[in-house]
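Below is protein_11.cif, which holds mmCIF, C-alpha atoms and all ligand atoms.
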```
data_input
loop_
_atom_site.label_atom_id
_atom_site.label_comp_id
_atom_site.auth_asym_id
_atom_site.auth_seq_id
_atom_site.Cartn_x
_atom_site.Cartn_y
_atom_site.Cartn_z
CA MET L 54 68.19 215.12 109.02
CA LYS L 55 71.54 214.39 110.58
CA ALA L 56 71.69 215.65 114.15
CA ALA L 57 74.12 218.35 115.24
CA LYS L 58 77.34 217.57 117.08
CA THR L 59 76.69 218.72 120.61
CA PRO L 60 79.89 219.09 122.58
CA THR L 61 79.49 218.84 126.33
CA THR L 62 80.87 222.08 127.63
CA ALA L 63 82.68 222.10 130.95
CA SER L 64 83.38 225.72 131.85
CA VAL L 65 87.14 226.20 132.10
CA LEU L 66 86.36 228.34 135.14
CA GLU L 67 85.35 225.22 137.03
CA THR L 68 88.54 223.44 136.15
CA GLY L 69 91.29 225.61 134.79
CA GLY L 70 90.57 229.26 135.61
CA LEU L 71 89.12 230.41 132.30
CA SER L 72 85.52 231.07 131.52
CA GLU L 73 83.71 230.56 128.26
CA MET L 74 80.83 232.83 129.30
CA PRO L 75 80.63 235.67 130.01
CA CYS L 76 83.18 236.24 127.32
CA VAL L 77 85.79 238.86 128.14
CA ALA L 78 88.05 239.08 125.13
CA ILE L 79 91.65 238.84 126.24
CA THR L 80 92.49 241.32 123.50
CA ALA L 81 90.84 244.22 125.39
CA ASP L 82 94.12 245.78 126.58
CA VAL L 83 95.87 245.49 123.25
CA PRO L 84 96.12 248.77 121.31
CA GLU L 85 93.80 248.72 118.31
CA THR L 86 96.63 249.12 115.86
CA THR L 87 98.49 246.07 117.20
CA SER L 88 97.25 242.63 116.32
CA VAL L 89 97.46 240.09 119.10
CA ALA L 90 99.30 237.75 116.81
CA SER L 91 102.17 240.20 116.69
CA ALA L 92 101.89 241.41 120.29
CA VAL L 93 102.18 237.93 121.77
CA PRO L 94 105.04 235.88 120.39
CA GLN L 95 103.72 232.63 118.95
CA SER L 96 106.21 230.68 121.04
CA SER L 97 105.23 232.19 124.41
CA ARG L 98 101.80 230.65 124.42
CA GLY L 99 100.24 227.21 124.35
CA ILE L 100 100.09 225.19 121.17
CA PHE L 101 97.25 225.43 118.70
CA ILE L 102 96.58 222.29 116.67
CA THR L 103 93.79 222.00 114.12
CA PHE L 104 92.38 218.97 112.31
CA GLU L 105 90.98 219.37 108.81
CA GLY L 106 89.59 217.14 106.11
CA GLY L 107 86.39 216.08 104.43
CA ASP L 108 83.36 214.82 106.27
CA GLY L 109 83.93 211.40 107.83
CA ALA L 110 87.72 211.53 107.38
CA GLY L 111 88.32 210.49 111.01
CA LYS L 112 89.04 213.85 112.65
CA SER L 113 87.11 213.21 115.88
CA THR L 114 88.73 209.79 116.21
CA GLN L 115 92.26 211.18 115.87
CA ILE L 116 91.59 214.20 118.09
CA GLU L 117 90.54 211.86 120.87
CA LEU L 118 93.65 209.70 120.43
CA LEU L 119 95.98 212.71 120.35
CA SER L 120 94.33 214.26 123.41
CA GLN L 121 94.78 211.05 125.37
CA TYR L 122 98.42 210.90 124.33
CA LEU L 123 99.16 214.50 125.28
CA GLU L 124 97.27 214.29 128.56
CA SER L 125 99.22 211.16 129.46
CA ARG L 126 102.34 213.31 129.00
CA GLY L 127 101.10 215.94 131.43
CA LYS L 128 99.70 218.49 128.97
CA THR L 129 96.50 220.40 129.54
CA VAL L 130 94.39 219.78 126.46
CA VAL L 131 91.34 221.77 125.40
CA GLN L 132 89.33 219.91 122.75
CA THR L 133 86.98 222.03 120.74
CA LEU L 134 85.32 222.28 117.33
CA GLU L 135 83.92 224.55 114.61
CA PRO L 136 81.24 225.41 114.14
CA GLY L 137 79.90 225.11 117.68
CA GLY L 138 82.73 225.59 120.17
CA THR L 139 80.82 228.22 122.17
CA GLU L 140 77.22 228.74 123.21
CA LEU L 141 76.69 231.23 120.38
CA GLY L 142 78.53 228.86 118.05
CA ARG L 143 76.17 226.01 118.86
CA ASN L 144 73.25 228.14 117.70
CA ILE L 145 75.13 229.14 114.56
CA ARG L 146 75.95 225.47 113.89
CA GLU L 147 72.29 224.58 114.07
CA LEU L 148 71.42 227.34 111.57
CA LEU L 149 74.23 226.35 109.22
CA LEU L 150 73.73 222.61 109.17
CA HIS L 151 70.07 222.10 110.00
CA GLY L 152 68.33 225.43 109.39
CA GLY L 153 67.36 225.28 105.73
CA GLN L 154 68.74 227.35 102.86
CA VAL L 155 71.69 229.69 103.44
CA SER L 156 73.18 231.83 100.67
CA PRO L 157 76.96 231.35 100.08
CA ARG L 158 77.90 234.78 101.48
CA ALA L 159 75.63 234.38 104.49
CA GLU L 160 77.21 230.96 105.02
CA ALA L 161 80.72 232.45 104.93
CA LEU L 162 79.76 235.16 107.41
CA LEU L 163 78.12 232.70 109.80
CA TYR L 164 81.23 230.49 109.87
CA ALA L 165 83.34 233.61 110.43
CA ALA L 166 81.07 234.79 113.26
CA ASP L 167 81.30 231.39 114.93
CA ARG L 168 85.09 231.55 114.64
CA ALA L 169 85.39 235.09 116.00
CA GLN L 170 83.45 234.12 119.12
CA HIS L 171 85.41 230.90 119.43
CA VAL L 172 88.78 232.65 119.26
CA ASP L 173 87.82 235.47 121.65
CA CYS L 174 86.03 233.36 124.23
CA LEU L 175 87.85 230.07 124.21
CA ILE L 176 90.87 229.56 121.97
CA ARG L 177 92.90 232.67 122.75
CA PRO L 178 92.33 232.55 126.53
CA ALA L 179 93.35 228.89 126.60
CA LEU L 180 96.50 229.58 124.56
CA GLU L 181 97.38 232.52 126.78
CA ALA L 182 97.10 230.12 129.73
CA GLY L 183 99.66 227.88 128.05
CA GLN L 184 97.25 225.08 127.17
CA VAL L 185 97.21 222.83 124.12
CA VAL L 186 94.13 223.66 122.04
CA ILE L 187 92.95 221.06 119.53
CA SER L 188 90.17 222.21 117.23
CA ASP L 189 88.13 220.01 114.92
CA ARG L 190 88.18 222.41 111.92
CA TYR L 191 89.24 226.07 111.81
CA ILE L 192 90.18 228.65 109.16
CA ASP L 193 91.26 226.10 106.55
CA SER L 194 87.73 224.67 106.43
CA SER L 195 86.45 228.10 105.38
CA LEU L 196 89.23 228.39 102.81
CA ALA L 197 88.38 224.95 101.36
CA TYR L 198 84.56 224.90 101.60
CA GLN L 199 83.65 228.56 101.11
CA GLY L 200 86.79 229.84 99.34
CA GLY L 201 87.24 226.72 97.20
CA ALA L 202 84.06 224.73 96.69
CA ARG L 203 81.74 227.78 96.90
CA ASP L 204 84.23 229.70 94.80
CA LEU L 205 84.21 232.80 97.03
CA GLY L 206 87.99 233.05 96.69
CA GLU L 207 90.57 235.20 98.42
CA GLU L 208 88.09 237.35 100.31
CA ILE L 209 87.46 234.37 102.58
CA THR L 210 91.09 234.52 103.71
CA GLN L 211 90.71 238.22 104.55
CA LEU L 212 87.42 237.61 106.35
CA SER L 213 88.97 234.77 108.38
CA GLN L 214 92.01 236.82 109.29
CA TRP L 215 89.79 239.68 110.42
CA ALA L 216 87.55 237.36 112.44
CA THR L 217 90.48 235.75 114.26
CA GLN L 218 92.76 238.80 114.47
CA ASN L 219 95.19 236.74 112.49
CA LEU L 220 95.43 233.75 114.81
CA TRP L 221 96.78 230.83 112.79
CA PRO L 222 97.35 227.27 114.04
CA ASP L 223 100.85 226.03 114.86
CA VAL L 224 100.12 222.64 113.31
CA THR L 225 97.30 221.60 110.99
CA VAL L 226 96.66 217.92 110.40
CA LEU L 227 94.90 217.25 107.11
CA LEU L 228 93.25 213.83 106.99
CA ASP L 229 93.02 213.33 103.27
CA ILE L 230 90.36 211.00 101.92
CA ASP L 231 88.32 210.37 98.79
CA PRO L 232 84.97 211.98 99.69
CA ARG L 233 83.10 208.87 98.58
CA ILE L 234 84.88 206.92 101.33
CA GLY L 235 84.51 209.68 103.93
CA LEU L 236 80.82 210.21 103.30
CA ARG L 237 80.24 206.46 103.34
CA ARG L 238 82.00 206.23 106.71
CA ALA L 239 79.86 209.06 108.08
CA MET L 240 76.74 207.32 106.83
CA ASP L 241 77.78 203.91 108.17
CA ALA L 242 78.53 205.45 111.56
CA GLU L 243 74.97 206.75 111.80
CA PRO L 244 72.80 204.91 109.26
CA ASP L 245 69.51 206.26 110.64
CA ILE L 246 70.52 209.90 110.33
CA GLU L 247 70.34 211.88 107.10
CA TYR L 248 73.27 214.00 105.85
CA ASP L 249 73.37 217.58 107.11
CA ARG L 250 73.17 220.52 104.67
CA MET L 251 76.91 220.47 103.89
CA GLU L 252 77.30 216.69 103.71
CA ALA L 253 74.33 216.61 101.31
CA GLU L 254 76.23 218.71 98.74
CA SER L 255 77.22 217.05 95.44
CA LEU L 256 80.22 214.78 95.01
CA ALA L 257 81.79 217.49 92.79
CA PHE L 258 81.49 219.93 95.71
CA HIS L 259 83.26 217.52 98.09
CA GLU L 260 85.94 216.80 95.50
CA ALA L 261 86.56 220.55 95.17
CA VAL L 262 86.89 220.78 98.96
CA ARG L 263 89.46 217.98 98.95
CA ALA L 264 91.42 219.55 96.10
CA ARG L 265 91.55 222.95 97.86
CA PHE L 266 92.69 221.38 101.13
CA LEU L 267 95.55 219.70 99.28
CA GLU L 268 96.50 223.00 97.60
CA LEU L 269 96.53 224.76 100.96
CA ALA L 270 98.75 222.05 102.42
CA THR L 271 101.17 222.21 99.51
CA ALA L 272 101.42 225.97 99.90
CA ASP L 273 102.26 225.78 103.62
CA PRO L 274 104.17 222.55 104.33
CA SER L 275 105.70 223.80 107.59
CA ARG L 276 102.26 224.14 109.17
CA TYR L 277 100.51 221.19 107.53
CA LEU L 278 100.84 217.47 108.06
CA VAL L 279 98.94 215.54 105.39
CA VAL L 280 98.00 211.97 106.32
CA ASP L 281 96.30 209.34 104.18
CA ALA L 282 93.07 208.86 106.12
CA THR L 283 92.51 205.36 104.71
CA LEU L 284 95.38 204.03 106.85
CA SER L 285 94.51 202.28 110.10
CA ARG L 286 93.59 204.45 113.08
CA GLU L 287 96.82 203.46 114.85
CA LYS L 288 99.09 204.22 111.88
CA ILE L 289 97.51 207.64 111.50
CA ALA L 290 97.83 208.33 115.23
CA THR L 291 101.53 207.40 115.16
CA LYS L 292 102.25 209.85 112.34
CA ILE L 293 100.41 212.63 114.13
CA ARG L 294 102.21 211.98 117.43
CA ALA L 295 105.57 212.09 115.68
CA ARG L 296 104.78 215.49 114.21
CA ILE L 297 103.50 216.93 117.48
CA ASP L 298 106.48 215.54 119.42
CA GLU L 299 108.73 217.18 116.85
CA HIS L 300 106.92 220.47 117.37
CA PHE L 301 107.42 220.30 121.12
CA SER L 302 111.08 219.38 120.81
CA GLN L 303 111.70 222.20 118.32
CA ASN L 304 110.23 224.65 120.82
CA LEU L 305 112.55 223.31 123.52
CA THR L 306 115.54 223.71 121.27
CA ALA L 307 114.53 227.25 120.32
CA CYS L 308 114.26 228.09 124.00
CA GLU L 309 117.58 226.64 124.99
CA HIS L 310 119.29 228.71 122.32
CA SER L 311 117.25 231.86 122.79
CA GLU L 312 119.02 234.75 124.46
CA LYS L 313 116.72 237.60 123.59
CA PRO L 314 113.82 238.39 125.95
CA LEU L 315 110.53 237.44 124.38
CA THR L 316 108.18 239.82 126.18
CA ARG L 317 108.37 243.55 125.94
CA GLU L 318 106.72 244.08 129.34
CA THR L 319 108.92 242.03 131.65
CA GLY L 320 111.99 241.20 129.66
CA GLU L 321 111.55 237.58 130.72
CA ASN L 322 111.57 234.65 128.41
CA PRO L 323 108.30 232.88 129.13
CA VAL L 324 109.06 230.06 126.74
CA CYS L 325 112.03 229.03 128.82
CA GLU L 326 110.10 229.25 132.09
CA HIS L 327 107.29 227.23 130.58
CA THR L 328 109.74 224.74 129.19
CA LYS L 329 111.61 224.27 132.45
CA GLU L 330 108.34 223.53 134.24
CA GLN L 331 107.38 221.12 131.52
CA LEU L 332 110.70 219.32 131.66
CA ALA L 333 110.46 219.04 135.45
CA ARG L 334 106.94 217.70 135.15
CA GLU L 335 107.88 215.17 132.53
CA ALA L 336 110.94 214.09 134.50
CA GLY L 337 108.77 213.57 137.58
CA GLU L 338 106.21 211.74 135.54
CA ASN L 339 108.74 209.35 134.09
CA SER L 340 110.36 208.51 137.41
CA THR L 341 107.50 208.14 139.84
CA CYS L 342 104.16 208.39 138.10
CA GLU L 343 104.63 205.92 135.31
CA ASN L 344 102.05 203.44 136.47
CA GLU L 345 99.60 205.87 137.92
CA SER L 346 96.24 205.97 136.26
CA ILE L 347 94.91 209.39 135.31
CA THR L 348 91.69 210.39 136.99
CA ARG L 349 89.60 212.97 135.19
CA GLY L 350 88.58 215.76 137.52
CA ALA L 351 91.00 214.82 140.30
CA GLY L 352 93.14 217.79 141.24
CA GLU L 353 94.07 217.41 144.89
CA ASN L 354 97.62 217.23 146.07
CA PRO L 355 97.56 214.94 149.11
CA ASP L 356 100.43 215.40 151.56
CA GLY L 357 103.60 213.70 150.50
CA GLU L 358 102.49 213.21 146.92
CA ASN L 359 104.87 214.10 144.10
CA PRO L 360 103.61 217.49 142.82
CA ALA L 361 104.33 216.42 139.27
CA CYS L 362 101.77 213.66 139.70
CA ALA L 363 99.18 216.00 141.17
CA ASN L 364 99.80 218.35 138.32
CA LYS L 365 99.21 215.55 135.88
CA LYS L 366 95.90 214.73 137.51
CA GLN L 367 94.80 218.33 137.26
CA HIS L 368 95.65 218.44 133.61
CA ALA L 369 93.55 215.42 132.92
CA GLY L 370 90.53 217.21 134.33
CA THR L 371 90.76 220.52 132.53
CA ASN L 372 89.15 219.94 129.15
CA ALA L 373 87.15 223.03 128.29
CA VAL L 374 85.02 221.34 125.71
CA SER L 375 84.82 217.69 124.96
CA LYS L 376 83.01 216.40 121.97
CA ALA L 377 80.17 214.03 122.36
CA PRO L 378 79.25 211.76 119.50
CA LYS L 379 76.68 213.15 117.09
CA ASP L 380 73.26 212.41 118.50
N1 LIG K 1 91.32 205.11 110.02
C1 LIG K 1 90.05 204.72 109.98
N2 LIG K 1 89.71 203.64 109.25
C2 LIG K 1 88.41 203.25 109.16
N3 LIG K 1 87.38 203.87 109.79
C3 LIG K 1 87.66 204.95 110.52
C4 LIG K 1 89.00 205.43 110.66
N4 LIG K 1 88.97 206.53 111.45
C5 LIG K 1 87.69 206.72 111.79
N5 LIG K 1 86.91 205.78 111.25
C6 LIG K 1 85.44 205.66 111.38
O1 LIG K 1 84.85 206.55 110.44
C7 LIG K 1 83.71 207.19 111.00
C8 LIG K 1 83.90 208.71 110.98
O2 LIG K 1 84.97 209.02 111.88
P1 LIG K 1 85.02 210.38 112.67
O3 LIG K 1 83.70 210.68 113.30
O4 LIG K 1 86.21 210.34 113.53
O5 LIG K 1 85.25 211.38 111.44
P2 LIG K 1 85.07 212.96 111.36
O6 LIG K 1 86.06 213.41 110.36
O7 LIG K 1 85.14 213.57 112.70
O8 LIG K 1 83.60 213.07 110.79
P3 LIG K 1 82.68 214.38 110.58
O9 LIG K 1 83.34 215.23 109.58
O10 LIG K 1 81.40 213.79 110.04
O11 LIG K 1 82.53 215.02 111.92
C9 LIG K 1 83.54 206.61 112.40
O12 LIG K 1 82.63 205.53 112.34
C10 LIG K 1 84.92 206.10 112.74
O13 LIG K 1 84.93 205.04 113.65
C1 LIG K 2 84.42 225.29 110.16
C2 LIG K 2 83.74 225.13 108.83
C3 LIG K 2 83.00 223.99 108.57
N1 LIG K 2 82.39 223.86 107.37
C4 LIG K 2 81.57 222.65 107.12
C5 LIG K 2 82.33 221.37 107.10
C6 LIG K 2 81.33 220.34 107.54
O1 LIG K 2 80.58 219.91 106.42
C7 LIG K 2 80.44 221.12 108.49
C8 LIG K 2 80.78 220.88 109.94
O2 LIG K 2 80.40 219.59 110.27
P1 LIG K 2 81.37 218.60 111.13
O3 LIG K 2 80.50 217.38 111.33
O4 LIG K 2 81.66 219.29 112.43
O5 LIG K 2 82.59 218.33 110.34
O6 LIG K 2 80.65 222.50 108.19
C9 LIG K 2 82.50 224.85 106.41
O7 LIG K 2 81.92 224.73 105.33
N2 LIG K 2 83.24 225.95 106.68
C10 LIG K 2 83.87 226.15 107.85
O8 LIG K 2 84.54 227.19 108.07
#
```

Can you dump the structure from the file as structure tokens?
Amino acid sequence: MKAAKTPTTASVLETGGLSEMPCVAITADVPETTSVASAVPQSSRGIFITFEGGDGAGKSTQIELLSQYLESRGKTVVQTLEPGGTELGRNIRELLLHGGQVSPRAEALLYAADRAQHVDCLIRPALEAGQVVISDRYIDSSLAYQGGARDLGEEITQLSQWATQNLWPDVTVLLDIDPRIGLRRAMDAEPDIEYDRMEAESLAFHEAVRARFLELATADPSRYLVVDATLSREKIATKIRARIDEHFSQNLTACEHSEKPLTRETGENPVCEHTKEQLAREAGENSTCENESITRGAGENPDGENPACANKKQHAGTNAVSKAPKD
């Protein structure tokens, strides 16, 4: 049986001030009638990017390339995945992929439980801290696999919205591939390991997943970027970078033209503050740090050093979860 993906978890507490466990949901102070999605303006937080697609499409490969790119530009990147982005999630992943039979409704609930824990304990705190979160799969996987291929329909959307308190990604990259090619890639990557419970589904199942992903993307083009996953790794990475750069520059423009305060509590515009810092950091980076290599885990600011450079080093060391190859 194909082994589970086991991300190496570095507590954000050690590196960036957040803690995966114990999990204190950041939503605790929010009145029950107010969803966090509406209480916190989308633009005042970090950026949430998800990667979707069939098995073996190349998600892990592109997530790694995008993370390197963003970190080299001074961003704090949290790489994570579903199922399995938290301690509880890792147990759920094992049950889902390697634990024997699971009924379709139980399967849907287990993915939703994994996601609820993931959002409360990792994704939302990281976004509130202004970080870039990149998740290998999120809600759209449930919509495509459980809603589409398992034919559980619209209730999966409601379940996912409830589980996440309506937290949707800013950008979703769909790596589109014929499942025969994707599954072959997954097999070639690890020839000695059998398919997991989901990969072992029929070709018709995987074709239904692909078709539903494409429908979802067509219905929401402003969130989705669809890329042909049979292109070379570099061509795919270039398309993704262009879209993410565009997202960042649109946020800058929105800030520069925004006059209304974006938080009810303080009347300040956190987007603009965030953006100014970012611009200063990037300006510093371009002028003096261009040739400096990034050291993971280094965070000191030796006397006389450009703070923008020190900042950049810190960012490179703050991954909350990094994915290890399937073992
Ligand atoms: N553009 C590409 N062209 C050819 N091979 C690729 C490409 N991108 C990734 N691969 C290879 O395909 C295999 C699967 O890639 P990867 O693990 O990134 O996919 P994945 O979508 O994360 O898979 P899974 O869904 O199984 O987790 C790896 O061997 C990888 O090197
Ligand atoms: C989040 C999520 C995932 N799945 C399926 C998709 C894959 O077959 C596995 C996860 O394995 P991977 O190697 O990490 O891609 O789970 C799903 O059916 N529903 C979901 O919500």

> Using all atoms listed in the file, which of the listed residues (L:Ser125, L:Ser194, L:Thr217, L:Thr225) sits closest to ligand LIG 1 (chain K)?
Replying inline: L:Ser194

> What does the distance from atom CA of L:Ala264 to atom CA of L:Ala216 come to in Å, to one decimal?
Replying inline: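 We find that atom CA of L:Ala264 and atom CA of L:Ala216 lie 24.5 Å from each other.
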
>> Taking all atoms listed in the file into account, name the residue in L:Glu147, L:Asp241, L:Glu268, L:Glu160 that is nearest to ligand LIG 1 (chain K).
In response: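 With all atoms listed in the file as the atom set, the closest residue is L:Asp241.
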
>> Please identify all protein, DNA and RNA residues within 8 Å of ligand LIG 1 (chain K), counting all atoms listed in the file, and report them as a ChimeraX atom specification.
In response: /L:58,105-115,189,228,235-236,238-239,241-243,282-287,289,378

> So, counting only C-alpha atoms, which residue among L:Arg190, L:Arg203, L:His171, L:Arg237 is closest to L:Phe104?
Replying inline: L:Arg190

> Which distance in Å separates atom CA of L:Tyr164 and atom CA of L:Ala290, to one decimal?
Replying inline: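 Atom-to-atom, atom CA of L:Tyr164 to atom CA of L:Ala290, that is 28.2 Å.
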
>> Could you list the protein, DNA and RNA residues that have any atom within 8 Å of ligand LIG 2 (chain K), counting all atoms listed in the file, and write them as a PyMOL selection string?
In response: chain L and resi 57-58+107-109+134-136+146+149-150+160-161+164-165+168+189-199+249-252

> Out of L:Ser188, L:Gln170, L:Thr139, L:Asn304, which residue has the shortest atom-to-atom distance to L:Gln218 when counting all atoms listed in the file?
Replying inline: L:Gln170

> Of the residues L:Ser213, L:Ser255, L:Glu260, L:Glu117, which is the one nearest to L:Asp231, using all atoms listed in the file?
Replying inline: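 Of the candidates, the smallest distance to L:Asp231 is held by L:Glu260.
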
Could you complete stretch 95-124 of chain L so that it carries N, CA and C atoms, and give it back as an mmCIF file, in the coordinates of the input?
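The resulting file, out32.cif, is shown below:
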```
data_model
loop_
_atom_site.group_PDB
_atom_site.id
_atom_site.type_symbol
_atom_site.label_atom_id
_atom_site.label_comp_id
_atom_site.auth_asym_id
_atom_site.auth_seq_id
_atom_site.Cartn_x
_atom_site.Cartn_y
_atom_site.Cartn_z
ATOM 1 N N GLN L 95 104.349 233.932 119.158
ATOM 2 C CA GLN L 95 103.720 232.630 118.950
ATOM 3 C C GLN L 95 104.255 231.608 119.946
ATOM 4 N N SER L 96 105.572 231.710 120.228
ATOM 5 C CA SER L 96 106.210 230.680 121.040
ATOM 6 C C SER L 96 105.961 230.848 122.539
ATOM 7 N N SER L 97 105.403 231.991 122.972
ATOM 8 C CA SER L 97 105.230 232.190 124.410
ATOM 9 C C SER L 97 103.900 231.654 124.896
ATOM 10 N N ARG L 98 103.112 231.103 124.014
ATOM 11 C CA ARG L 98 101.800 230.650 124.420
ATOM 12 C C ARG L 98 101.703 229.130 124.280
ATOM 13 N N GLY L 99 100.479 228.629 124.554
ATOM 14 C CA GLY L 99 100.240 227.210 124.350
ATOM 15 C C GLY L 99 100.329 226.860 122.873
ATOM 16 N N ILE L 100 99.989 225.629 122.574
ATOM 17 C CA ILE L 100 100.090 225.190 121.170
ATOM 18 C C ILE L 100 98.701 225.000 120.590
ATOM 19 N N PHE L 101 98.552 225.470 119.376
ATOM 20 C CA PHE L 101 97.250 225.430 118.700
ATOM 21 C C PHE L 101 97.341 224.439 117.544
ATOM 22 N N ILE L 102 96.577 223.351 117.686
ATOM 23 C CA ILE L 102 96.580 222.290 116.670
ATOM 24 C C ILE L 102 95.182 222.200 116.062
ATOM 25 N N THR L 103 95.109 222.164 114.745
ATOM 26 C CA THR L 103 93.790 222.000 114.120
ATOM 27 C C THR L 103 93.775 220.730 113.269
ATOM 28 N N PHE L 104 92.591 220.146 113.165
ATOM 29 C CA PHE L 104 92.380 218.970 112.310
ATOM 30 C C PHE L 104 91.428 219.371 111.193
ATOM 31 N N GLU L 105 91.798 219.026 109.981
ATOM 32 C CA GLU L 105 90.980 219.370 108.810
ATOM 33 C C GLU L 105 90.801 218.134 107.939
ATOM 34 N N GLY L 106 89.841 218.242 107.043
ATOM 35 C CA GLY L 106 89.590 217.140 106.110
ATOM 36 C C GLY L 106 88.113 217.078 105.790
ATOM 37 N N GLY L 107 87.790 216.215 104.845
ATOM 38 C CA GLY L 107 86.390 216.080 104.430
ATOM 39 C C GLY L 107 85.560 215.427 105.528
ATOM 40 N N ASP L 108 84.273 215.424 105.309
ATOM 41 C CA ASP L 108 83.360 214.820 106.270
ATOM 42 C C ASP L 108 83.648 213.321 106.368
ATOM 43 N N GLY L 109 83.695 212.815 107.602
ATOM 44 C CA GLY L 109 83.930 211.400 107.830
ATOM 45 C C GLY L 109 85.375 210.950 107.666
ATOM 46 N N ALA L 110 86.312 211.904 107.598
ATOM 47 C CA ALA L 110 87.720 211.530 107.380
ATOM 48 C C ALA L 110 88.343 210.847 108.597
ATOM 49 N N GLY L 111 87.764 211.083 109.780
ATOM 50 C CA GLY L 111 88.320 210.490 111.010
ATOM 51 C C GLY L 111 88.906 211.521 111.957
ATOM 52 N N LYS L 112 88.492 212.777 111.822
ATOM 53 C CA LYS L 112 89.040 213.850 112.650
ATOM 54 C C LYS L 112 88.746 213.632 114.142
ATOM 55 N N SER L 113 87.473 213.381 114.462
ATOM 56 C CA SER L 113 87.110 213.210 115.880
ATOM 57 C C SER L 113 87.890 212.041 116.489
ATOM 58 N N THR L 114 88.023 210.974 115.729
ATOM 59 C CA THR L 114 88.730 209.790 116.210
ATOM 60 C C THR L 114 90.177 210.141 116.558
ATOM 61 N N GLN L 115 90.841 210.856 115.659
ATOM 62 C CA GLN L 115 92.260 211.180 115.870
ATOM 63 C C GLN L 115 92.435 212.254 116.944
ATOM 64 N N ILE L 116 91.493 213.158 117.045
ATOM 65 C CA ILE L 116 91.590 214.200 118.090
ATOM 66 C C ILE L 116 91.531 213.529 119.461
ATOM 67 N N GLU L 117 90.656 212.569 119.587
ATOM 68 C CA GLU L 117 90.540 211.860 120.870
ATOM 69 C C GLU L 117 91.845 211.125 121.186
ATOM 70 N N LEU L 118 92.409 210.448 120.200
ATOM 71 C CA LEU L 118 93.650 209.700 120.430
ATOM 72 C C LEU L 118 94.809 210.639 120.785
ATOM 73 N N LEU L 119 94.898 211.765 120.067
ATOM 74 C CA LEU L 119 95.980 212.710 120.350
ATOM 75 C C LEU L 119 95.810 213.344 121.730
ATOM 76 N N SER L 120 94.578 213.665 122.087
ATOM 77 C CA SER L 120 94.330 214.260 123.410
ATOM 78 C C SER L 120 94.765 213.306 124.506
ATOM 79 N N GLN L 121 94.395 212.045 124.354
ATOM 80 C CA GLN L 121 94.780 211.050 125.370
ATOM 81 C C GLN L 121 96.298 210.982 125.483
ATOM 82 N N TYR L 122 96.954 210.983 124.338
ATOM 83 C CA TYR L 122 98.420 210.900 124.330
ATOM 84 C C TYR L 122 99.039 212.105 125.040
ATOM 85 N N LEU L 123 98.564 213.302 124.691
ATOM 86 C CA LEU L 123 99.160 214.500 125.280
ATOM 87 C C LEU L 123 98.841 214.613 126.770
ATOM 88 N N GLU L 124 97.626 214.251 127.144
ATOM 89 C CA GLU L 124 97.270 214.290 128.560
ATOM 90 C C GLU L 124 98.119 213.300 129.353
#
```
